[in-house]
Amino acid sequence: MTIPFADLYAQYLSIKSEIDTAIETTIKNSAYIGGEVVKNFENAFADYIGIEHVIACANGTDSIEILLKAFGIKEGDEVIVPAISWISTSEAVSAVGATPVFVDIEKDFFTIDVNLIEQAITKKTKAIIPVHLYGHPADIPVIMKIASKNNLIVIEDCAQSHGAKINGQIVGTFGHASSFSFYPGKNLGAYGDAGCMATNDAAIAETVRMIANHGQKGKHNHLMEGRNSRLDGLHAAVLLAKLPHLEKWTEARIKNASSYHNLLQKSDIELPLIKDNYRHVFHLYVVRVADRKSIQKKLSSAGIETAIHYPTALPFLPCYAEKKNSHSDFPVAYLYQDKILSLPMFPEMSNEQIEYVSKSLLS
Ligand SMILES: Cc1ncc(COP(=O)(O)O)c(C=O)c1O
């Protein structure tokens with residue numbers, strides 16, 4: 001048996017006629033940039049998360065950067081980010097000229113440790129970007145309290161957490177604004193790069209819409225210099241066709257995670273945990289193992305593809321070497337970067353595939 005890390009083709013086949021029609025219609029209408037289909041997707045996604053404004057853009061990295069710009073974050077400012085994330089979270093901060101300030105993650109939950117945030121706040125701190133990593137929400141209610149006390153903006157990075165919830169409230173609706181990626185492998189993925197920004201703040205919504213489309217408010221009315229970060233019509237059509245299936249796919253991910261849990265719980269592999277009243281949407285199923293290299297090799301020989309998210313925590317990447325970050329400043333991220341292993345996880349996985357991965361892991 002061979003088991004891919006994710007199987008995007010299986011997902012396409014499961015809704016082939018809907019996708020084919022969506023693509024064909026977009027081509028028939030030559031609706032390649034902007035237009036009805038993008039608007040329709042923005043409205044449908046806004047309804048899904050229950051927010052006033054969704055503004056589509058080219059990808060989930062741009063969306064963080066554009067939001068930071070819209071909130072006026074610039075050179076000389078500091079923005080707090082977690083020590084483990086995909087680099088976009090910190091890269092976007094540097095891209096607007098500000099400085100990312102890393103904070104270690106929570107033991108067991110991989111998200112920013114809220115107990116360490118206040119000590120990282122300085123006079124220069126302007127914002128916090130919590131990441132709902134792997135699909136498990138960060139402790140955003142506490143983060144909002146800290147932000148309010150210290151007058152900080154919160155931009156939620158929801159790239160890995162479409163549909164995740166705390167006490168029934170969906171992530172992306174807690175902060176001042178939120179950022180989503182629709183990269184193909186995400187829980188809701190386009191057929192190329194895509195992303196969006198979401199907010200209940202009408203003024204921020206208007207500003208980010210302008211920035212993402214050359215600073216225009218209406219055609220040729222450039223109120224500022226912006227950039228080209230638009231969602232292509234074809235991607236919007238794919239996303240609009242996929243959105244009605246997202247909940248079913250999310251439930252399938254949760255069920256797969258529960259099967260892994262039942263099969264692996266008696267081993268010494270450290271399994272992902274879920275906080276009470278949190279909905280973890282299992283974008284990734286990340287375990288911790290002592291001897292990762294040999295386990296990955298064993299799984300690879302059994303035809304099982306695995307991945308590491310991420311092999312080096314952000315503070316220790318070469319691009320941040322000048323900060324001279326010490327391992328002892330980020331002990332959890334440092335400990336976990338050598339232990340984390342992402343197992344195959346996708347909604348279309350069969351019980352047989354999960355059993356095979358688990359059996360191979362335990363052999
Ligand atoms: C946590 C996180 N933030 C931001 C991004 C950036 O999204 P994109 O690849 O669409 O630019 C990603 C994508 O991998 C991500 O995982």
# chains A, B, ... in the order shown; residues from 1 in each chain; ligands from 1
call {"tool": "residues_near_ligand", "arguments": {"ligand": "ligand 1", "cutoff": "9 Å", "atoms": "only C-alpha atoms and all ligand atoms", "output": "PyMOL selection string"}}
result
chain A and resi 58-64+84-90+92+131-134+157-161+179-186+192-196+309
call {"tool": "write_last_selection", "arguments": {"atoms": "C-alpha atoms", "output": "CSV table (one decimal), in the first residue's frame"}}
result
chain,number,residue,atom,x,y,z
A,58,ALA,CA,-3.8,36.4,-3.9
A,59,ASN,CA,-2.6,34.3,-0.9
A,60,GLY,CA,-2.4,34.0,2.8
A,61,THR,CA,0.9,35.8,3.1
A,62,ASP,CA,-0.3,38.9,1.4
A,63,SER,CA,-3.4,38.9,3.5
A,64,ILE,CA,-1.3,39.2,6.7
A,84,ILE,CA,6.3,27.9,15.6
A,85,SER,CA,4.5,28.7,12.5
A,86,TRP,CA,5.1,28.8,8.7
A,87,ILE,CA,7.4,31.7,8.0
A,88,SER,CA,4.6,33.8,6.4
A,89,THR,CA,3.5,34.9,9.9
A,90,SER,CA,6.8,36.6,10.7
A,92,ALA,CA,4.7,39.6,6.7
A,131,VAL,CA,-1.7,31.3,14.8
A,132,HIS,CA,-4.3,28.6,15.2
A,133,LEU,CA,-1.6,26.1,14.3
A,134,TYR,CA,-2.3,22.7,12.8
A,157,ASP,CA,-3.7,33.8,11.3
A,158,CYS,CA,-6.3,31.2,10.3
A,159,ALA,CA,-4.4,29.7,7.4
A,160,GLN,CA,-4.6,26.2,9.0
A,161,SER,CA,-7.9,26.5,10.9
A,179,SER,CA,-6.2,36.2,7.6
A,180,PHE,CA,-7.0,33.0,5.7
A,181,SER,CA,-4.9,31.0,3.1
A,182,PHE,CA,-6.6,28.9,0.5
A,183,TYR,CA,-3.3,27.2,-0.6
A,184,PRO,CA,-4.3,23.9,-2.4
A,185,GLY,CA,-3.5,21.7,0.6
A,186,LYS,CA,-5.4,23.8,3.2
A,192,GLY,CA,-3.3,27.5,-6.9
A,193,ASP,CA,-2.5,30.4,-4.5
A,194,ALA,CA,-5.4,32.2,-2.9
A,195,GLY,CA,-6.3,33.9,0.4
A,196,CYS,CA,-8.6,36.4,2.1
A,309,HIS,CA,5.8,21.2,10.2
call {"tool": "residues_around", "arguments": {"residues": "A:Ala6", "least_positions_apart": "4", "cutoff": "7 Å", "atoms": "only C-alpha atoms", "output": "MDAnalysis selection string"}}
result
chainID A and resid 344:346
call {"tool": "residues_around", "arguments": {"residues": "stretch 296-300 of chain A", "least_positions_apart": "2", "cutoff": "12 Å", "atoms": "only C-alpha atoms", "output": "ChimeraX atom specification"}}
result
/A:1-5,287-294,302-308,339-344,356-363
call {"tool": "residues_around", "arguments": {"residues": "A:Pro100", "least_positions_apart": "3", "cutoff": "7 Å", "atoms": "only C-alpha atoms", "output": "ChimeraX atom specification"}}
result
/A:78-81,90,93-94
call {"tool": "closest_residue", "arguments": {"among": "A:Thr99, A:Ser350, A:Thr173, A:Thr26", "to": "A:Ala257", "atoms": "only C-alpha atoms"}}
result
A:Ser350
call {"tool": "select_by_dssp", "arguments": {"residues": "stretch 39-176 of chain A", "states": "alpha helix (DSSP H)", "output": "ChimeraX atom specification"}}
result
/A:39-49,60-70,88-95,117-120,140-150
call {"tool": "closest_atom_pairs", "arguments": {"of": "stretch 159-228 of chain A", "to": "stretch 29-34 of chain A", "cutoff": "12 Å", "atoms": "only C-alpha atoms", "output": "Markdown table"}}
result
| residue | atom | partner | partner_atom | distance |
| --- | --- | --- | --- | --- |
| A:Arg209 | CA | A:Gly34 | CA | 11.8 |
| A:Ala212 | CA | A:Gly34 | CA | 11.6 |
| A:Asn213 | CA | A:Gly34 | CA | 10.0 |
| A:Asn228 | CA | A:Ile33 | CA | 11.1 |
call {"tool": "write_last_selection", "arguments": {"atoms": "N, CA and C atoms", "output": "compact mmCIF listing (two decimals), in the first residue's frame"}}
result
# COMPACT_ATOMS: atom_id res chain seq x y z
N ARG A 209 -9.18 46.37 0.89
CA ARG A 209 -9.66 46.16 -0.49
C ARG A 209 -8.91 47.09 -1.45
N ALA A 212 -5.17 45.89 -1.85
CA ALA A 212 -5.02 44.67 -2.66
C ALA A 212 -5.28 44.92 -4.15
N ASN A 213 -5.83 46.08 -4.47
CA ASN A 213 -6.14 46.37 -5.87
C ASN A 213 -5.58 47.74 -6.27
N ASN A 228 -0.86 44.57 -6.48
CA ASN A 228 -1.76 43.64 -7.15
C ASN A 228 -1.81 42.36 -6.33
call {"tool": "closest_atom_pairs", "arguments": {"of": "stretch 173-250 of chain A", "to": "stretch 266-285 of chain A", "cutoff": "10 Å", "atoms": "only C-alpha atoms", "output": "tab-separated table"}}
result
residue	atom	partner	partner_atom	distance
A:Gly185	CA	A:His283	CA	8.8
A:Lys186	CA	A:His283	CA	6.8
A:Asn187	CA	A:His283	CA	6.0
A:Leu188	CA	A:His283	CA	9.7
A:Glu247	CA	A:Val281	CA	9.7
A:Trp249	CA	A:Val281	CA	9.5
A:Thr250	CA	A:Val281	CA	6.0
call {"tool": "residues_around", "arguments": {"residues": "A:Ile51", "least_positions_apart": "3", "cutoff": "12 Å", "atoms": "only C-alpha atoms", "output": "number ranges by chain"}}
result
A: 42-48, 54-55, 169-178, 197-202, 205
call {"tool": "write_last_selection", "arguments": {"atoms": "N, CA and C atoms", "output": "compact mmCIF listing (two decimals), in the first residue's frame"}}
result
# COMPACT_ATOMS: atom_id res chain seq x y z
N GLU A 42 -16.65 35.67 -1.77
CA GLU A 42 -16.46 36.51 -0.57
C GLU A 42 -17.71 36.48 0.31
N ASN A 43 -18.87 36.61 -0.32
CA ASN A 43 -20.11 36.62 0.46
C ASN A 43 -20.36 35.27 1.13
N ALA A 44 -20.11 34.19 0.37
CA ALA A 44 -20.36 32.85 0.91
C ALA A 44 -19.41 32.56 2.07
N PHE A 45 -18.15 32.99 1.95
CA PHE A 45 -17.19 32.71 3.03
C PHE A 45 -17.51 33.59 4.25
N ALA A 46 -17.96 34.82 4.00
CA ALA A 46 -18.37 35.70 5.10
C ALA A 46 -19.53 35.07 5.86
N ASP A 47 -20.48 34.49 5.13
CA ASP A 47 -21.61 33.80 5.77
C ASP A 47 -21.11 32.60 6.58
N TYR A 48 -20.17 31.86 6.00
CA TYR A 48 -19.66 30.65 6.66
C TYR A 48 -19.03 30.99 8.01
N VAL A 54 -15.47 40.03 3.99
CA VAL A 54 -14.39 39.16 3.53
C VAL A 54 -13.85 39.78 2.24
N ILE A 55 -12.53 39.94 2.21
CA ILE A 55 -11.90 40.56 1.04
C ILE A 55 -10.89 39.56 0.50
N GLN A 169 -17.70 29.42 18.96
CA GLN A 169 -17.37 30.60 18.13
C GLN A 169 -16.22 30.27 17.19
N ILE A 170 -16.43 30.58 15.94
CA ILE A 170 -15.46 30.18 14.91
C ILE A 170 -14.24 31.12 14.93
N VAL A 171 -13.06 30.56 14.72
CA VAL A 171 -11.86 31.41 14.71
C VAL A 171 -11.89 32.30 13.47
N GLY A 172 -11.27 33.47 13.63
CA GLY A 172 -11.34 34.46 12.57
C GLY A 172 -12.34 35.55 12.92
N THR A 173 -13.13 35.31 14.00
CA THR A 173 -14.13 36.31 14.41
C THR A 173 -13.80 36.88 15.79
N PHE A 174 -12.67 36.47 16.37
CA PHE A 174 -12.31 36.97 17.71
C PHE A 174 -11.48 38.26 17.63
N GLY A 175 -10.55 38.29 16.68
CA GLY A 175 -9.58 39.39 16.61
C GLY A 175 -10.15 40.62 15.92
N HIS A 176 -9.29 41.64 15.74
CA HIS A 176 -9.72 42.84 15.01
C HIS A 176 -9.85 42.52 13.52
N ALA A 177 -9.10 41.53 13.09
CA ALA A 177 -9.19 41.06 11.70
C ALA A 177 -8.53 39.69 11.64
N SER A 178 -8.76 38.99 10.54
CA SER A 178 -8.14 37.67 10.42
C SER A 178 -7.72 37.42 8.99
N MET A 197 -8.90 38.20 3.60
CA MET A 197 -8.90 38.89 4.87
C MET A 197 -10.33 38.98 5.36
N ALA A 198 -10.55 38.97 6.66
CA ALA A 198 -11.91 39.02 7.18
C ALA A 198 -11.93 39.96 8.38
N THR A 199 -12.99 40.75 8.48
CA THR A 199 -13.10 41.69 9.60
C THR A 199 -14.53 42.21 9.74
N ASN A 200 -14.86 42.68 10.93
CA ASN A 200 -16.13 43.37 11.13
C ASN A 200 -15.93 44.88 11.07
N ASP A 201 -14.69 45.32 10.84
CA ASP A 201 -14.36 46.75 10.82
C ASP A 201 -14.47 47.28 9.38
N ALA A 202 -15.50 48.08 9.14
CA ALA A 202 -15.77 48.55 7.76
C ALA A 202 -14.62 49.38 7.20
N ALA A 205 -11.83 47.09 6.25
CA ALA A 205 -12.24 46.34 5.06
C ALA A 205 -12.04 47.18 3.80
call {"tool": "residues_around", "arguments": {"residues": "A:Ala237", "least_positions_apart": "3", "cutoff": "10 Å", "atoms": "only C-alpha atoms", "output": "number ranges by chain"}}
result
A: 18-26, 31-32, 36-38, 40-41, 190-191, 232-234, 240-242
call {"tool": "write_last_selection", "arguments": {"atoms": "N, CA and C atoms", "output": "tab-separated table (two decimals), in the first residue's frame"}}
result
chain	number	residue	atom	x	y	z
A	18	GLU	N	-19.09	19.18	-10.13
A	18	GLU	CA	-19.29	20.55	-9.62
A	18	GLU	C	-18.09	21.45	-9.97
A	19	ILE	N	-16.89	20.88	-9.82
A	19	ILE	CA	-15.68	21.67	-10.13
A	19	ILE	C	-15.61	21.95	-11.63
A	20	ASP	N	-15.86	20.91	-12.43
A	20	ASP	CA	-15.77	21.07	-13.88
A	20	ASP	C	-16.75	22.15	-14.37
A	21	THR	N	-17.97	22.11	-13.82
A	21	THR	CA	-18.96	23.11	-14.22
A	21	THR	C	-18.51	24.51	-13.81
A	22	ALA	N	-17.99	24.61	-12.58
A	22	ALA	CA	-17.55	25.93	-12.08
A	22	ALA	C	-16.44	26.50	-12.96
A	23	ILE	N	-15.51	25.65	-13.35
A	23	ILE	CA	-14.38	26.11	-14.17
A	23	ILE	C	-14.88	26.48	-15.58
A	24	GLU	N	-15.71	25.61	-16.13
A	24	GLU	CA	-16.24	25.86	-17.48
A	24	GLU	C	-17.03	27.17	-17.53
A	25	THR	N	-17.85	27.40	-16.51
A	25	THR	CA	-18.67	28.62	-16.48
A	25	THR	C	-17.78	29.85	-16.41
A	26	THR	N	-16.72	29.77	-15.60
A	26	THR	CA	-15.83	30.92	-15.46
A	26	THR	C	-15.14	31.21	-16.79
A	31	ALA	N	-14.43	35.34	-16.87
A	31	ALA	CA	-14.41	36.08	-15.59
A	31	ALA	C	-13.12	35.75	-14.85
A	32	TYR	N	-12.00	36.17	-15.40
A	32	TYR	CA	-10.71	35.73	-14.86
A	32	TYR	C	-10.22	36.55	-13.66
A	36	GLU	N	-18.26	38.79	-10.60
A	36	GLU	CA	-19.32	38.11	-9.84
A	36	GLU	C	-18.83	36.95	-9.00
A	37	VAL	N	-18.02	36.06	-9.61
A	37	VAL	CA	-17.67	34.82	-8.92
A	37	VAL	C	-16.82	35.11	-7.67
A	38	VAL	N	-15.95	36.12	-7.77
A	38	VAL	CA	-15.13	36.49	-6.61
A	38	VAL	C	-16.04	37.08	-5.51
A	40	ASN	N	-19.20	36.51	-5.12
A	40	ASN	CA	-20.03	35.43	-4.57
A	40	ASN	C	-19.24	34.60	-3.55
A	41	PHE	N	-17.98	34.34	-3.86
A	41	PHE	CA	-17.19	33.57	-2.89
A	41	PHE	C	-16.98	34.38	-1.62
A	190	ALA	N	-7.77	26.24	-2.89
A	190	ALA	CA	-8.02	26.55	-4.31
A	190	ALA	C	-7.13	25.64	-5.16
A	191	TYR	N	-7.09	25.91	-6.47
A	191	TYR	CA	-6.20	25.13	-7.34
A	191	TYR	C	-4.98	25.98	-7.71
A	232	ASP	N	-7.92	35.21	-8.35
A	232	ASP	CA	-8.33	34.89	-9.72
A	232	ASP	C	-9.73	34.29	-9.73
A	233	GLY	N	-10.48	34.59	-10.78
A	233	GLY	CA	-11.84	34.07	-10.92
A	233	GLY	C	-11.91	32.55	-10.88
A	234	LEU	N	-10.94	31.90	-11.52
A	234	LEU	CA	-10.96	30.42	-11.54
A	234	LEU	C	-10.81	29.85	-10.14
A	240	LEU	N	-15.74	28.41	-4.32
A	240	LEU	CA	-17.19	28.50	-4.15
A	240	LEU	C	-17.84	27.12	-4.31
A	241	ALA	N	-17.30	26.32	-5.21
A	241	ALA	CA	-17.84	24.95	-5.40
A	241	ALA	C	-17.48	24.06	-4.20
A	242	LYS	N	-16.30	24.31	-3.62
A	242	LYS	CA	-15.86	23.44	-2.52
A	242	LYS	C	-16.47	23.82	-1.17
call {"tool": "closest_residue", "arguments": {"among": "A:Glu65, A:Glu355, A:Glu106, A:Glu91", "to": "A:Pro315", "atoms": "only C-alpha atoms"}}
result
A:Glu91
call {"tool": "atom_distance", "arguments": {"atom1": "atom CA of A:Thr122", "atom2": "atom CA of A:Lys323"}}
result
16.5 Å
call {"tool": "decode", "arguments": {"residues": "stretch 322-349 of chain A", "atoms": "C-alpha atoms", "output": "PDB file, in the first residue's frame"}}
result
ATOM      1  CA  GLU A 322      21.182  38.323  13.612  1.00  0.00           C
ATOM      2  CA  LYS A 323      18.667  38.295  16.487  1.00  0.00           C
ATOM      3  CA  LYS A 324      20.987  35.762  18.193  1.00  0.00           C
ATOM      4  CA  ASN A 325      17.972  33.860  19.548  1.00  0.00           C
ATOM      5  CA  SER A 326      18.958  31.370  22.192  1.00  0.00           C
ATOM      6  CA  HIS A 327      17.479  27.891  22.560  1.00  0.00           C
ATOM      7  CA  SER A 328      16.833  28.590  26.213  1.00  0.00           C
ATOM      8  CA  ASP A 329      14.537  31.510  25.299  1.00  0.00           C
ATOM      9  CA  PHE A 330      12.218  29.171  23.387  1.00  0.00           C
ATOM     10  CA  PRO A 331      12.605  25.847  25.212  1.00  0.00           C
ATOM     11  CA  VAL A 332       9.341  24.261  24.052  1.00  0.00           C
ATOM     12  CA  ALA A 333       9.764  25.185  20.385  1.00  0.00           C
ATOM     13  CA  TYR A 334      13.377  24.036  20.556  1.00  0.00           C
ATOM     14  CA  LEU A 335      12.453  20.707  22.138  1.00  0.00           C
ATOM     15  CA  TYR A 336       9.590  20.051  19.725  1.00  0.00           C
ATOM     16  CA  GLN A 337      11.297  20.973  16.461  1.00  0.00           C
ATOM     17  CA  ASP A 338      13.193  17.673  16.520  1.00  0.00           C
ATOM     18  CA  LYS A 339      10.229  15.552  17.654  1.00  0.00           C
ATOM     19  CA  ILE A 340       7.241  16.675  15.607  1.00  0.00           C
ATOM     20  CA  LEU A 341       6.057  14.469  12.780  1.00  0.00           C
ATOM     21  CA  SER A 342       2.967  15.048  10.619  1.00  0.00           C
ATOM     22  CA  LEU A 343       1.149  11.839   9.651  1.00  0.00           C
ATOM     23  CA  PRO A 344      -1.011  11.530   6.513  1.00  0.00           C
ATOM     24  CA  MET A 345      -4.282  13.394   7.083  1.00  0.00           C
ATOM     25  CA  PHE A 346      -6.985  14.150   4.549  1.00  0.00           C
ATOM     26  CA  PRO A 347     -10.776  13.801   4.580  1.00  0.00           C
ATOM     27  CA  GLU A 348     -10.853  10.995   2.016  1.00  0.00           C
ATOM     28  CA  MET A 349      -8.580   8.688   4.074  1.00  0.00           C
TER      29      MET A 349
END
